[in-house]
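Asks: Structure below; questions to follow.
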Amino acid sequence: MKKNKRFAVGALVVSVVLLVAGIVALKRSMDYHTKLVADNASLTKDLEQIKKDYRHKVVNVNNTFNVQGRDSKNPKIRAVAANNYYQREISQYAQEFFSTYYTWHNTKDYLDRKDQLKPLITAELANNESIFDDGKDDTGHDFIKASGIKADFVKSQTDIEADVSGKLIKSTVKVDYTTSDSSSSPQHATRYYEMTYNTVQEKIVDLKLVFTPNNN
């Protein structure tokens with residue numbers, strides 16, 4: 001009887017020891033997992049910072065090249081630098097222009113676009129009724145209010161002409177946006193424009209719709 005009791009106590013002790021060992025091992029495993037998660041988060045953050053610093057350095061190098069290169073005595077370097085500079089600058093102007101031009105949800109938004117875009121365009125372009133109409137149809141009714149039509153800009157892609165030696169630079173701008181009305185869900189649409197930028201005025205001086213592909 002005593003032997004069985006000693007055996008039971010021994011088994012209990014062993015069980016307790018194994019349980020404690022299991023708990024310790026589990027805690028160590030959990031601590032290790034927590035450390036791995038923390039390390040991974042830290043490494044991810046460090047990697048993003050490294051990428052950000054790299055992109056910043058690339059931009060600075062490109063900017064330095066483009067600014068200094070435009071005054072280079074080497075015509076090839078000067079041409080490449082000028083092209084890079086105006087490609088970026090005109091792309092930014094196109095992005096700013098069309099992100100406003102193709103975003104409206106009501107008549108007020110539609111009519112306010114001209115005033116919002118005046119810093120980017122000449123007065124002549126602002127007063128061009130083919131670019132900025134009054135939001136009314138042939139009968140004088142508010143067609144935006146009547147139809148509930150609205151638009152949302154998606155993206156733009158700008159390709160400038162090869163020769164950027166003159167003060168007027170032409171570019172082709174592909175504009176993607178969505179449009180819908182009170183009876184339809186948003187539909188994707190694309191338009192191509194010829195945009196003329198004046199490097200002296202630093203403004204868009206002309207804009208022509210050149211192509212509307214079949215978006216169906």
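Chain labels follow the order of the structure tokens: the first chain is A, the next B, and so on; residue numbering restarts at 1 in every chain, and ligands are counted from 1 in their shown order.
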Near segment 189-205 of chain A, within 7 Å and counting only C-alpha atoms, which residues show up once chain neighbours fewer than 5 positions away are dropped, as a list in words?
Replies: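 Once the adjacent positions are removed, what remains is Leu120, Ile121, Thr122, Leu125, Lys167, Leu168, Ile169, Lys170, Ser171, Thr172, Val173, Lys174, Val175, Asp176, Tyr177, Thr178, Val210, Phe211, Thr212, Pro213 and Asn215 of chain A.
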Asks: Would you give me, as a PyMOL selection string, the residues in segment 109-209 of chain A that DSSP reads as strand (DSSP E)?
Replies: chain A and resi 150-160+168-180+187-198+203-209
Asks: Please measure the separation of atom CA of Asp115 of chain A and atom CA of Glu96 of chain A, giving the value in Å to one decimal.
Replies: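 Separation between atom CA of Asp115 of chain A and atom CA of Glu96 of chain A: 13.5 Å.
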Asks: Return as JSON, numbers by chain the full set of residues in segment 77-129 of chain A whose backbone-based DSSP assignment is helix (DSSP H, G or I).
Replies: {"A": [77, 78, 79, 80, 81, 82, 83, 84, 85, 86, 87, 88, 89, 90, 91, 92, 93, 94, 95, 96, 97, 98, 99, 100, 101, 107, 108, 109, 110, 111, 112, 113, 114, 115, 116, 117, 118, 119, 120, 123, 124, 125, 126]}
Asks: Could you tell me how far atom CA of Asp137 of chain A sits from atom CA of Asp112 of chain A, in Å to one decimal place?
Replies: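 Distance between the two atoms: 17.8 Å.
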Asks: Give me, please, the distance in Å between atom CA of Phe143 of chain A and atom CA of Thr107 of chain A, quoted to one decimal.
Replies: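 Result for atom CA of Phe143 of chain A versus atom CA of Thr107 of chain A: 8.6 Å, one decimal.
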Asks: Quick one: residues within 8 Å of Thr103 of chain A, only C-alpha atoms, excluding same-chain residues fewer than 5 positions away - as a list in words?
Replies: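 My reading of the contact set: Asp109, Tyr110, Lys150, Ala151, Asp152 and Phe153 of chain A.
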Asks: Write a file of the just-selected residues containing N, CA, C and O atoms, as a short mmCIF file (atom, residue, chain, number, x, y, z; two decimals), in the first residue's frame.
Replies:
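Output file result.cif follows:
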data_model
loop_
_atom_site.label_atom_id
_atom_site.label_comp_id
_atom_site.auth_asym_id
_atom_site.auth_seq_id
_atom_site.Cartn_x
_atom_site.Cartn_y
_atom_site.Cartn_z
N ASP A 109 -19.80 72.72 -57.97
CA ASP A 109 -18.46 72.16 -58.21
C ASP A 109 -18.04 72.40 -59.66
O ASP A 109 -16.89 72.79 -59.94
N TYR A 110 -18.96 72.16 -60.56
CA TYR A 110 -18.68 72.27 -61.99
C TYR A 110 -18.28 73.70 -62.36
O TYR A 110 -17.31 73.92 -63.10
N LYS A 150 -22.11 63.39 -62.54
CA LYS A 150 -20.94 63.73 -61.71
C LYS A 150 -19.72 63.01 -62.28
O LYS A 150 -19.84 62.07 -63.05
N ALA A 151 -18.55 63.49 -61.89
CA ALA A 151 -17.30 62.91 -62.39
C ALA A 151 -16.27 62.85 -61.27
O ALA A 151 -16.29 63.67 -60.35
N ASP A 152 -15.38 61.88 -61.37
CA ASP A 152 -14.28 61.74 -60.42
C ASP A 152 -13.00 61.39 -61.17
O ASP A 152 -12.95 60.40 -61.90
N PHE A 153 -11.99 62.21 -61.00
CA PHE A 153 -10.68 62.00 -61.63
C PHE A 153 -10.04 60.73 -61.09
O PHE A 153 -10.12 60.44 -59.90
#
